[in-house]
>>> print(open('protein-v8.cif').read())   # mmCIF, C-alpha atoms and all ligand atoms
data_structure
#
loop_
_atom_site.group_PDB
_atom_site.id
_atom_site.type_symbol
_atom_site.label_atom_id
_atom_site.label_comp_id
_atom_site.auth_asym_id
_atom_site.auth_seq_id
_atom_site.Cartn_x
_atom_site.Cartn_y
_atom_site.Cartn_z
ATOM 1 C CA MET A 1 18.167 93.674 3.733
ATOM 2 C CA ARG A 2 15.127 92.705 5.812
ATOM 3 C CA LYS A 3 13.428 91.233 2.814
ATOM 4 C CA LYS A 4 16.456 89.025 2.166
ATOM 5 C CA LYS A 5 16.311 87.592 5.719
ATOM 6 C CA THR A 6 12.654 86.720 5.346
ATOM 7 C CA SER A 7 13.260 84.826 2.156
ATOM 8 C CA TYR A 8 16.239 83.098 3.829
ATOM 9 C CA ASN A 9 13.878 81.975 6.618
ATOM 10 C CA TRP A 10 11.478 80.597 4.067
ATOM 11 C CA TYR A 11 14.290 78.616 2.556
ATOM 12 C CA LYS A 12 15.119 77.235 5.960
ATOM 13 C CA ILE A 13 11.536 76.264 6.631
ATOM 14 C CA LEU A 14 11.237 74.685 3.201
ATOM 15 C CA LEU A 15 14.502 72.812 3.636
ATOM 16 C CA CYS A 16 13.538 71.601 7.104
ATOM 17 C CA GLY A 17 10.166 70.478 5.758
ATOM 18 C CA LEU A 18 11.856 68.640 2.962
ATOM 19 C CA VAL A 19 14.285 66.969 5.347
ATOM 20 C CA PHE A 20 11.430 65.934 7.653
ATOM 21 C CA PHE A 21 9.463 64.674 4.673
ATOM 22 C CA VAL A 22 12.375 62.597 3.396
ATOM 23 C CA ILE A 23 13.280 61.250 6.851
ATOM 24 C CA GLY A 24 9.637 60.606 7.713
ATOM 25 C CA GLY A 25 9.063 58.900 4.384
ATOM 26 C CA THR A 26 12.168 56.771 4.779
ATOM 27 C CA VAL A 27 11.230 55.757 8.312
ATOM 28 C CA PHE A 28 7.690 54.989 7.205
ATOM 29 C CA CYS A 29 8.988 52.893 4.324
ATOM 30 C CA MET A 30 11.413 51.096 6.626
ATOM 31 C CA ILE A 31 8.678 50.305 9.137
ATOM 32 C CA ALA A 32 6.309 49.138 6.395
ATOM 33 C CA GLU A 33 9.015 47.088 4.793
ATOM 34 C CA SER A 34 10.149 45.468 8.018
ATOM 35 C CA LYS A 35 6.521 44.657 8.868
ATOM 36 C CA GLU A 36 6.067 43.143 5.434
ATOM 37 C CA SER A 37 9.266 41.124 5.612
ATOM 38 C CA ALA A 38 8.349 39.930 9.120
ATOM 39 C CA GLU A 39 4.998 38.786 7.797
ATOM 40 C CA LYS A 40 6.710 37.131 4.852
ATOM 41 C CA ARG A 41 9.153 35.393 7.180
ATOM 42 C CA ALA A 42 6.311 34.225 9.436
ATOM 43 C CA ARG A 43 4.438 32.862 6.431
ATOM 44 C CA ALA A 44 7.539 31.021 5.173
ATOM 45 C CA GLU A 45 8.189 29.607 8.648
ATOM 46 C CA ALA A 46 4.578 28.435 8.969
ATOM 47 C CA ALA A 47 4.745 26.798 5.533
ATOM 48 C CA GLN A 48 7.979 25.054 6.438
ATOM 49 C CA LYS A 49 6.543 23.858 9.748
ATOM 50 C CA ALA A 50 3.454 22.513 7.992
ATOM 51 C CA GLU A 51 5.640 20.740 5.449
ATOM 52 C CA GLU A 52 7.786 19.216 8.202
ATOM 53 C CA ALA A 53 4.674 18.102 10.112
ATOM 54 C CA ALA A 54 3.287 16.489 6.950
ATOM 55 C CA GLU A 55 6.596 14.724 6.352
ATOM 56 C CA ARG A 56 6.667 13.509 9.964
ATOM 57 C CA ALA A 57 3.079 12.243 9.711
ATOM 58 C CA GLU A 58 3.916 10.476 6.449
ATOM 59 C CA GLU A 59 6.997 8.876 7.998
ATOM 60 C CA GLU A 60 4.986 7.790 11.065
ATOM 61 C CA ALA A 61 2.308 6.272 8.805
ATOM 62 C CA ARG A 62 5.027 4.465 6.846
ATOM 63 C CA ILE A 63 6.509 3.021 10.034
ATOM 64 C CA ALA A 64 3.081 2.071 11.432
ATOM 65 C CA ARG A 65 2.198 0.279 8.187
ATOM 66 C CA LYS A 66 5.493 -1.589 8.202
ATOM 67 C CA GLU A 67 5.107 -2.538 11.883
ATOM 68 C CA SER A 68 1.556 -3.702 11.346
ATOM 69 C CA LEU A 69 2.381 -5.918 8.343
ATOM 70 C CA SER A 70 5.579 -7.373 9.826
ATOM 71 C CA LEU A 71 5.853 -10.904 11.119
ATOM 72 C CA LYS A 72 5.398 -10.763 14.913
ATOM 73 C CA PRO A 73 4.694 -13.923 16.903
ATOM 74 C CA GLY A 74 1.830 -13.493 19.332
ATOM 75 C CA VAL A 75 0.202 -10.571 17.553
ATOM 76 C CA PRO A 76 -3.228 -11.602 16.237
ATOM 77 C CA ALA A 77 -4.160 -10.930 12.619
ATOM 78 C CA GLY A 78 -7.549 -10.779 11.021
ATOM 79 C CA THR A 79 -11.035 -11.914 11.848
ATOM 80 C CA LEU A 80 -13.136 -14.822 10.621
ATOM 81 C CA GLU A 81 -16.273 -12.822 11.440
ATOM 82 C CA PRO A 82 -16.059 -9.456 9.701
ATOM 83 C CA ASP A 83 -18.462 -6.520 10.006
ATOM 84 C CA ARG A 84 -21.387 -7.486 7.761
ATOM 85 C CA ASP A 85 -22.341 -3.853 7.104
ATOM 86 C CA GLU A 86 -19.145 -3.282 5.156
ATOM 87 C CA LYS A 87 -18.785 -4.384 1.545
ATOM 88 C CA ILE A 88 -15.174 -5.124 0.742
ATOM 89 C CA VAL A 89 -13.353 -6.931 -2.037
ATOM 90 C CA TYR A 90 -9.853 -8.260 -1.481
ATOM 91 C CA LEU A 91 -8.290 -8.849 -4.875
ATOM 92 C CA THR A 92 -5.428 -11.295 -4.370
ATOM 93 C CA PHE A 93 -2.790 -12.274 -6.909
ATOM 94 C CA ASP A 94 -0.617 -15.366 -6.477
ATOM 95 C CA ASP A 95 2.616 -16.482 -8.159
ATOM 96 C CA GLY A 96 4.002 -13.050 -9.138
ATOM 97 C CA PRO A 97 5.808 -10.902 -9.811
ATOM 98 C CA SER A 98 5.775 -11.497 -13.540
ATOM 99 C CA GLU A 99 5.676 -9.626 -16.807
ATOM 100 C CA ASN A 100 1.958 -9.053 -16.145
ATOM 101 C CA THR A 101 2.465 -7.353 -12.769
ATOM 102 C CA GLN A 102 2.938 -3.871 -14.230
ATOM 103 C CA LYS A 103 -0.275 -4.217 -16.240
ATOM 104 C CA ILE A 104 -2.148 -5.250 -13.097
ATOM 105 C CA LEU A 105 -0.668 -2.307 -11.174
ATOM 106 C CA ASP A 106 -1.747 0.072 -13.938
ATOM 107 C CA ILE A 107 -5.337 -1.167 -13.804
ATOM 108 C CA LEU A 108 -5.417 -0.967 -10.009
ATOM 109 C CA LYS A 109 -4.089 2.596 -10.153
ATOM 110 C CA GLU A 110 -6.643 3.609 -12.753
ATOM 111 C CA TYR A 111 -9.459 2.338 -10.511
ATOM 112 C CA ASN A 112 -7.800 3.484 -7.286
ATOM 113 C CA ALA A 113 -8.153 -0.096 -6.020
ATOM 114 C CA LYS A 114 -5.795 -1.750 -3.546
ATOM 115 C CA ALA A 115 -4.880 -5.430 -3.702
ATOM 116 C CA THR A 116 -2.627 -8.114 -2.216
ATOM 117 C CA PHE A 117 0.203 -9.982 -3.941
ATOM 118 C CA PHE A 118 1.370 -13.378 -2.647
ATOM 119 C CA ILE A 119 4.810 -13.606 -4.156
ATOM 120 C CA THR A 120 7.218 -16.366 -5.155
ATOM 121 C CA GLY A 121 10.929 -16.195 -5.948
ATOM 122 C CA ALA A 122 10.568 -17.424 -9.515
ATOM 123 C CA ASP A 123 10.960 -14.229 -11.506
ATOM 124 C CA GLU A 124 14.079 -12.325 -10.512
ATOM 125 C CA GLU A 125 13.809 -9.879 -13.387
ATOM 126 C CA HIS A 126 10.497 -8.464 -12.174
ATOM 127 C CA ARG A 127 11.363 -8.515 -8.475
ATOM 128 C CA PRO A 128 11.597 -4.688 -8.173
ATOM 129 C CA LEU A 129 7.843 -4.651 -8.863
ATOM 130 C CA ILE A 130 7.347 -6.091 -5.372
ATOM 131 C CA LYS A 131 8.662 -2.820 -3.953
ATOM 132 C CA LYS A 132 6.685 -0.776 -6.433
ATOM 133 C CA ALA A 133 3.438 -2.588 -5.583
ATOM 134 C CA TYR A 134 4.059 -2.048 -1.863
ATOM 135 C CA GLU A 135 4.815 1.646 -2.347
ATOM 136 C CA GLU A 136 1.611 2.040 -4.319
ATOM 137 C CA GLY A 137 -0.352 0.841 -1.283
ATOM 138 C CA HIS A 138 -0.758 -2.861 -2.024
ATOM 139 C CA THR A 139 0.055 -5.562 0.501
ATOM 140 C CA ILE A 140 2.813 -8.117 -0.048
ATOM 141 C CA GLY A 141 2.327 -11.657 1.247
ATOM 142 C CA LEU A 142 4.369 -14.848 0.886
ATOM 143 C CA HIS A 143 3.400 -17.784 -1.308
ATOM 144 C CA THR A 144 6.663 -19.852 -1.084
ATOM 145 C CA TYR A 145 9.896 -19.354 -2.988
ATOM 146 C CA SER A 146 9.921 -22.404 -5.251
ATOM 147 C CA HIS A 147 6.173 -23.108 -5.470
ATOM 148 C CA ASN A 148 7.215 -26.692 -6.042
ATOM 149 C CA TYR A 149 4.668 -28.908 -4.242
ATOM 150 C CA SER A 150 7.005 -31.898 -3.995
ATOM 151 C CA GLU A 151 9.608 -29.695 -2.339
ATOM 152 C CA VAL A 152 7.592 -27.462 -0.030
ATOM 153 C CA TYR A 153 5.198 -30.180 1.128
ATOM 154 C CA ALA A 154 7.906 -32.833 1.640
ATOM 155 C CA SER A 155 8.146 -31.953 5.342
ATOM 156 C CA GLU A 156 7.455 -29.158 7.799
ATOM 157 C CA GLU A 157 11.147 -28.377 7.835
ATOM 158 C CA ALA A 158 11.254 -28.077 4.040
ATOM 159 C CA TYR A 159 8.192 -25.840 4.051
ATOM 160 C CA PHE A 160 9.605 -23.402 6.599
ATOM 161 C CA LYS A 161 13.014 -23.364 4.937
ATOM 162 C CA ASP A 162 11.322 -22.282 1.714
ATOM 163 C CA LEU A 163 9.044 -19.804 3.510
ATOM 164 C CA GLU A 164 12.053 -18.139 5.148
ATOM 165 C CA LYS A 165 13.700 -17.858 1.746
ATOM 166 C CA VAL A 166 10.730 -16.070 0.173
ATOM 167 C CA GLY A 167 10.474 -13.973 3.352
ATOM 168 C CA LYS A 168 14.036 -12.771 2.670
ATOM 169 C CA THR A 169 13.115 -11.964 -0.935
ATOM 170 C CA ALA A 170 10.264 -9.798 0.329
ATOM 171 C CA GLU A 171 12.500 -8.199 2.958
ATOM 172 C CA GLU A 172 15.063 -7.216 0.316
ATOM 173 C CA GLN A 173 12.345 -5.321 -1.530
ATOM 174 C CA ILE A 174 10.158 -3.828 1.180
ATOM 175 C CA GLY A 175 12.382 -3.874 4.253
ATOM 176 C CA PHE A 176 10.530 -6.433 6.375
ATOM 177 C CA VAL A 177 9.162 -9.997 6.409
ATOM 178 C CA PRO A 178 5.376 -9.925 6.021
ATOM 179 C CA TYR A 179 3.145 -11.969 8.337
ATOM 180 C CA LEU A 180 0.747 -12.862 5.510
ATOM 181 C CA ILE A 181 0.993 -16.140 3.654
ATOM 182 C CA ARG A 182 -0.932 -18.212 1.171
ATOM 183 C CA PHE A 183 -0.262 -21.911 0.818
ATOM 184 C CA PRO A 184 0.286 -23.166 -2.743
ATOM 185 C CA GLY A 185 -3.040 -24.824 -3.557
ATOM 186 C CA GLY A 186 -4.586 -23.246 -0.454
ATOM 187 C CA SER A 187 -4.861 -24.859 2.986
ATOM 188 C CA SER A 188 -7.468 -27.264 1.572
ATOM 189 C CA ASN A 189 -5.137 -28.759 -1.050
ATOM 190 C CA GLU A 190 -4.987 -32.533 -1.170
ATOM 191 C CA VAL A 191 -1.969 -32.761 -3.474
ATOM 192 C CA SER A 192 0.320 -32.346 -0.457
ATOM 193 C CA ALA A 193 -0.851 -35.773 0.807
ATOM 194 C CA LYS A 194 1.227 -37.292 -1.986
ATOM 195 C CA TYR A 195 4.361 -35.952 -0.325
ATOM 196 C CA SER A 196 3.474 -35.941 3.360
ATOM 197 C CA GLN A 197 0.360 -37.309 5.043
ATOM 198 C CA GLY A 198 -1.349 -34.775 7.315
ATOM 199 C CA ILE A 199 1.104 -31.976 6.550
ATOM 200 C CA MET A 200 -1.558 -29.300 6.009
ATOM 201 C CA SER A 201 -3.070 -30.011 9.445
ATOM 202 C CA ARG A 202 0.345 -29.512 10.999
ATOM 203 C CA LEU A 203 1.368 -26.515 8.880
ATOM 204 C CA THR A 204 -1.846 -24.549 9.422
ATOM 205 C CA GLU A 205 -1.184 -24.745 13.170
ATOM 206 C CA LYS A 206 2.556 -24.174 13.033
ATOM 207 C CA VAL A 207 2.415 -21.071 10.835
ATOM 208 C CA MET A 208 -0.003 -19.424 13.284
ATOM 209 C CA GLU A 209 2.292 -20.292 16.206
ATOM 210 C CA LYS A 210 5.133 -18.556 14.407
ATOM 211 C CA GLY A 211 3.093 -15.374 13.941
ATOM 212 C CA TYR A 212 1.935 -15.846 10.338
ATOM 213 C CA GLN A 213 -1.660 -15.735 9.194
ATOM 214 C CA TYR A 214 -2.713 -17.699 6.131
ATOM 215 C CA TYR A 215 -5.339 -16.458 3.722
ATOM 216 C CA ASP A 216 -7.403 -18.730 1.488
ATOM 217 C CA TRP A 217 -10.237 -17.322 -0.668
ATOM 218 C CA ASN A 218 -14.012 -17.523 -0.949
ATOM 219 C CA VAL A 219 -14.132 -16.790 -4.694
ATOM 220 C CA ASP A 220 -11.952 -18.557 -7.239
ATOM 221 C CA SER A 221 -11.590 -16.713 -10.556
ATOM 222 C CA GLY A 222 -10.653 -19.992 -12.220
ATOM 223 C CA ASP A 223 -7.581 -18.493 -13.880
ATOM 224 C CA GLY A 224 -5.363 -21.055 -12.140
ATOM 225 C CA SER A 225 -7.049 -23.858 -14.061
ATOM 226 C CA GLY A 226 -6.808 -22.042 -17.381
ATOM 227 C CA ALA A 227 -10.134 -20.183 -17.603
ATOM 228 C CA GLY A 228 -10.402 -17.607 -20.394
ATOM 229 C CA THR A 229 -11.328 -13.944 -19.978
ATOM 230 C CA GLU A 230 -15.128 -14.420 -20.098
ATOM 231 C CA GLU A 231 -15.094 -17.335 -17.688
ATOM 232 C CA ILE A 232 -12.834 -15.439 -15.267
ATOM 233 C CA LYS A 233 -15.260 -12.503 -15.371
ATOM 234 C CA SER A 234 -18.308 -14.651 -14.636
ATOM 235 C CA ARG A 235 -16.631 -16.764 -11.960
ATOM 236 C CA SER A 236 -15.199 -13.743 -10.119
ATOM 237 C CA VAL A 237 -18.448 -11.914 -9.523
ATOM 238 C CA THR A 238 -20.985 -12.682 -6.807
ATOM 239 C CA GLU A 239 -23.207 -10.818 -4.381
ATOM 240 C CA ARG A 240 -23.192 -13.731 -1.975
ATOM 241 C CA TYR A 241 -20.597 -12.229 0.357
ATOM 242 C CA SER A 242 -20.103 -8.847 1.989
ATOM 243 C CA HIS A 243 -16.383 -9.639 2.247
ATOM 244 C CA VAL A 244 -15.057 -11.126 -0.946
ATOM 245 C CA MET A 245 -11.577 -12.574 -1.266
ATOM 246 C CA ILE A 246 -10.854 -13.438 -4.894
ATOM 247 C CA LEU A 247 -8.072 -15.715 -6.046
ATOM 248 C CA PHE A 248 -6.274 -14.519 -9.165
ATOM 249 C CA HIS A 249 -2.871 -15.375 -10.590
ATOM 250 C CA ASP A 250 -0.125 -13.019 -11.661
ATOM 251 C CA SER A 251 2.107 -14.965 -14.009
ATOM 252 C CA SER A 252 3.322 -14.497 -17.555
ATOM 253 C CA THR A 253 0.755 -16.957 -18.958
ATOM 254 C CA LYS A 254 -2.236 -15.275 -17.313
ATOM 255 C CA SER A 255 -3.006 -12.394 -19.640
ATOM 256 C CA ALA A 256 -6.687 -13.443 -19.525
ATOM 257 C CA THR A 257 -6.655 -12.336 -15.870
ATOM 258 C CA VAL A 258 -5.372 -8.900 -16.873
ATOM 259 C CA ASP A 259 -8.076 -8.656 -19.567
ATOM 260 C CA ALA A 260 -10.853 -9.669 -17.164
ATOM 261 C CA LEU A 261 -9.792 -7.453 -14.264
ATOM 262 C CA PRO A 262 -11.428 -4.123 -15.263
ATOM 263 C CA ALA A 263 -14.852 -5.762 -15.726
ATOM 264 C CA VAL A 264 -14.567 -7.522 -12.353
ATOM 265 C CA ILE A 265 -13.677 -4.239 -10.630
ATOM 266 C CA ASP A 266 -16.545 -2.441 -12.419
ATOM 267 C CA TYR A 267 -19.014 -5.079 -11.241
ATOM 268 C CA TYR A 268 -18.153 -4.611 -7.577
ATOM 269 C CA LYS A 269 -17.773 -0.812 -7.821
ATOM 270 C CA GLU A 270 -21.296 -0.540 -9.214
ATOM 271 C CA ARG A 271 -22.545 -2.478 -6.199
ATOM 272 C CA GLY A 272 -20.808 -0.250 -3.662
ATOM 273 C CA TYR A 273 -17.874 -2.458 -2.734
ATOM 274 C CA GLU A 274 -14.505 -1.063 -1.672
ATOM 275 C CA PHE A 275 -11.219 -2.592 -2.797
ATOM 276 C CA ARG A 276 -8.775 -3.022 0.046
ATOM 277 C CA ALA A 277 -5.356 -4.533 0.494
ATOM 278 C CA ILE A 278 -5.315 -7.127 3.276
ATOM 279 C CA ASP A 279 -4.137 -5.837 6.665
ATOM 280 C CA ARG A 280 -4.325 -7.003 10.278
ATOM 281 C CA GLU A 281 -7.961 -5.942 10.602
ATOM 282 C CA SER A 282 -9.103 -7.750 7.462
ATOM 283 C CA PHE A 283 -11.418 -10.658 7.048
ATOM 284 C CA VAL A 284 -9.604 -14.016 7.013
ATOM 285 C CA SER A 285 -10.763 -16.769 4.724
ATOM 286 C CA HIS A 286 -9.846 -20.285 5.898
ATOM 287 C CA HIS A 287 -10.750 -23.425 3.988
ATOM 288 C CA ALA A 288 -11.450 -26.748 5.624
ATOM 289 C CA VAL A 289 -8.139 -28.632 5.844
ATOM 290 C CA LYS A 290 -8.318 -31.958 4.031
ATOM 291 C CA ASN A 291 -4.846 -33.350 4.586
HETATM 292 ZN ZN ZN B 1 0.299 -20.454 -6.571
#
>>> encode(input="protein-v8.cif", output="structure tokens")
Amino acid sequence: MRKKKTSYNWYKILLCGLVFFVIGGTVFCMIAESKESAEKRARAEAAQKAEEAAERAEEEARIARKESLSLKPGVPAGTLEPDRDEKIVYLTFDDGPSENTQKILDILKEYNAKATFFITGADEEHRPLIKKAYEEGHTIGLHTYSHNYSEVYASEEAYFKDLEKVGKTAEEQIGFVPYLIRFPGGSSNEVSAKYSQGIMSRLTEKVMEKGYQYYDWNVDSGDGSGAGTEEIKSRSVTERYSHVMILFHDSSTKSATVDALPAVIDYYKERGYEFRAIDRESFVSHHAVKN
């Protein structure tokens, strides 16, 4: 009888121990699990916050870029006296977009080089490439809608009417009217005298009053006058300037420009130049006005 009670007590002790072990284990597991899930949650929250901050920063940069490149009367743009210690190439392409634009964009991407496109309204089919170029970090400027000298240089009124039209074309693609322009033939062109005496002297002043900045070039690739690939290569390279602004053309007939481009980029890369898209801080090239 007594022996039976003892063994019953042992059972009780064993059972209690087991219960404690199970409860203790469960509680321990629950604590460990809740700690782990709290850590997991904290990590996920931190990752989400970081992602949101990155998105916000990206959006702010997008807005700042847009603001900076938008037409704003009274806001200065560029400098005629750039920092001589920097070595920068501004590749500029007039007359596009065209069926060659994508090829140019591909080369620029391959070399991680940024450039500037002065657009016209001629090629509707390739117009979405204006947006693509902008989104890939290149700058969009205005070159006139019609590019017809007799039209755009007939009068100041005609010029600005055309400029507003190409401004709208740009706005449809990138969401704003850029402040950057390039005159057909450059500000030094004399052809305009055929249509209106002294118009370039008046236009170069008026565009600045309206908040535009015009960009000429200090290196002419020669592609506008029909140079072939080898000639474009040799005419585009020089060590004369620390800030180089090269005139190229982006039109369907200028495949020699596309062929010459990699060698031109290589030349400047080997000499430590950077390739930048024009912005408000950039060097401004102005020719001497002759009409
Ligand atoms: Zn042109």
>>> residues_near_ligand(input="protein-v8.cif", ligand="ligand ZN 1 (chain B)", cutoff="9 Å", atoms="only C-alpha atoms and all ligand atoms", output="CSV table (one decimal) with C-alpha atoms, in the frame of the given file")
chain,number,residue,atom,x,y,z
A,93,PHE,CA,-2.8,-12.3,-6.9
A,94,ASP,CA,-0.6,-15.4,-6.5
A,95,ASP,CA,2.6,-16.5,-8.2
A,96,GLY,CA,4.0,-13.0,-9.1
A,118,PHE,CA,1.4,-13.4,-2.6
A,119,ILE,CA,4.8,-13.6,-4.2
A,120,THR,CA,7.2,-16.4,-5.2
A,143,HIS,CA,3.4,-17.8,-1.3
A,144,THR,CA,6.7,-19.9,-1.1
A,147,HIS,CA,6.2,-23.1,-5.5
A,182,ARG,CA,-0.9,-18.2,1.2
A,183,PHE,CA,-0.3,-21.9,0.8
A,184,PRO,CA,0.3,-23.2,-2.7
A,185,GLY,CA,-3.0,-24.8,-3.6
A,186,GLY,CA,-4.6,-23.2,-0.5
A,224,GLY,CA,-5.4,-21.1,-12.1
A,249,HIS,CA,-2.9,-15.4,-10.6
>>> atom_distance(input="protein-v8.cif", atom1="CA of Arg276 (chain A)", atom2="CA of Gly74 (chain A)")
24.4 Å
>>> atom_distance(input="protein-v8.cif", atom1="CA of Asp162 (chain A)", atom2="CA of Arg65 (chain A)")
25.2 Å
>>> residues_around(input="protein-v8.cif", residues="Tyr149 (chain A)", least_positions_apart="3", cutoff="9 Å", atoms="only C-alpha atoms", output="VMD selection string")
chain A and resid 146 152 to 154 184 to 185 191 to 192 195
>>> resolve_selection(input="protein-v8.cif", expression="the PyMOL selection byres (((chain A and resi 86) around 9) and not hetatm)", output="list in words")
Pro82, Asp83, Arg84, Asp85, Lys87, Ile88, Ser242, His243, Tyr273 and Glu274 of chain A
>>> write_last_selection(input="protein-v8.cif", atoms="C-alpha atoms", output="mmCIF file, in the frame of the given file")
data_model
loop_
_atom_site.group_PDB
_atom_site.id
_atom_site.type_symbol
_atom_site.label_atom_id
_atom_site.label_comp_id
_atom_site.auth_asym_id
_atom_site.auth_seq_id
_atom_site.Cartn_x
_atom_site.Cartn_y
_atom_site.Cartn_z
ATOM 1 C CA PRO A 82 -16.059 -9.456 9.701
ATOM 2 C CA ASP A 83 -18.462 -6.520 10.006
ATOM 3 C CA ARG A 84 -21.387 -7.486 7.761
ATOM 4 C CA ASP A 85 -22.341 -3.853 7.104
ATOM 5 C CA LYS A 87 -18.785 -4.384 1.545
ATOM 6 C CA ILE A 88 -15.174 -5.124 0.742
ATOM 7 C CA SER A 242 -20.103 -8.847 1.989
ATOM 8 C CA HIS A 243 -16.383 -9.639 2.247
ATOM 9 C CA TYR A 273 -17.874 -2.458 -2.734
ATOM 10 C CA GLU A 274 -14.505 -1.063 -1.672
#
>>> resolve_selection(input="protein-v8.cif", expression="the PyMOL selection byres (((chain A and resi 177) around 8) and not hetatm)", output="ChimeraX atom specification")
/A:70-71,167-168,170-171,175-176,178-179
>>> write_last_selection(input="protein-v8.cif", atoms="C-alpha atoms", output="PDB file, in the coordinates of the input")
ATOM      1  CA  SER A  70       5.579  -7.373   9.826  1.00  0.00           C
ATOM      2  CA  LEU A  71       5.853 -10.904  11.119  1.00  0.00           C
ATOM      3  CA  GLY A 167      10.474 -13.973   3.352  1.00  0.00           C
ATOM      4  CA  LYS A 168      14.036 -12.771   2.670  1.00  0.00           C
ATOM      5  CA  ALA A 170      10.264  -9.798   0.329  1.00  0.00           C
ATOM      6  CA  GLU A 171      12.500  -8.199   2.958  1.00  0.00           C
ATOM      7  CA  GLY A 175      12.382  -3.874   4.253  1.00  0.00           C
ATOM      8  CA  PHE A 176      10.530  -6.433   6.375  1.00  0.00           C
ATOM      9  CA  PRO A 178       5.376  -9.925   6.021  1.00  0.00           C
ATOM     10  CA  TYR A 179       3.145 -11.969   8.337  1.00  0.00           C
TER      11      TYR A 179
END
>>> closest_residue(input="protein-v8.cif", among="A:Val166, A:Val258, A:Leu91, A:Leu129", to="Val244 (chain A)", atoms="only C-alpha atoms")
A:Leu91
>>> resolve_selection(input="protein-v8.cif", expression="the PyMOL selection byres (((chain A and resi 205-208) around 9) and not hetatm)", output="list in words")
Pro73, Gly74, Pro76, Glu156, Phe160, Ile181, Met200, Ser201, Arg202, Leu203, Thr204, Glu209, Lys210, Gly211, Tyr212, Gln213 and Tyr214 of chain A
>>> atom_distance(input="protein-v8.cif", atom1="CA of Ala227 (chain A)", atom2="CA of Ile140 (chain A)")
24.9 Å
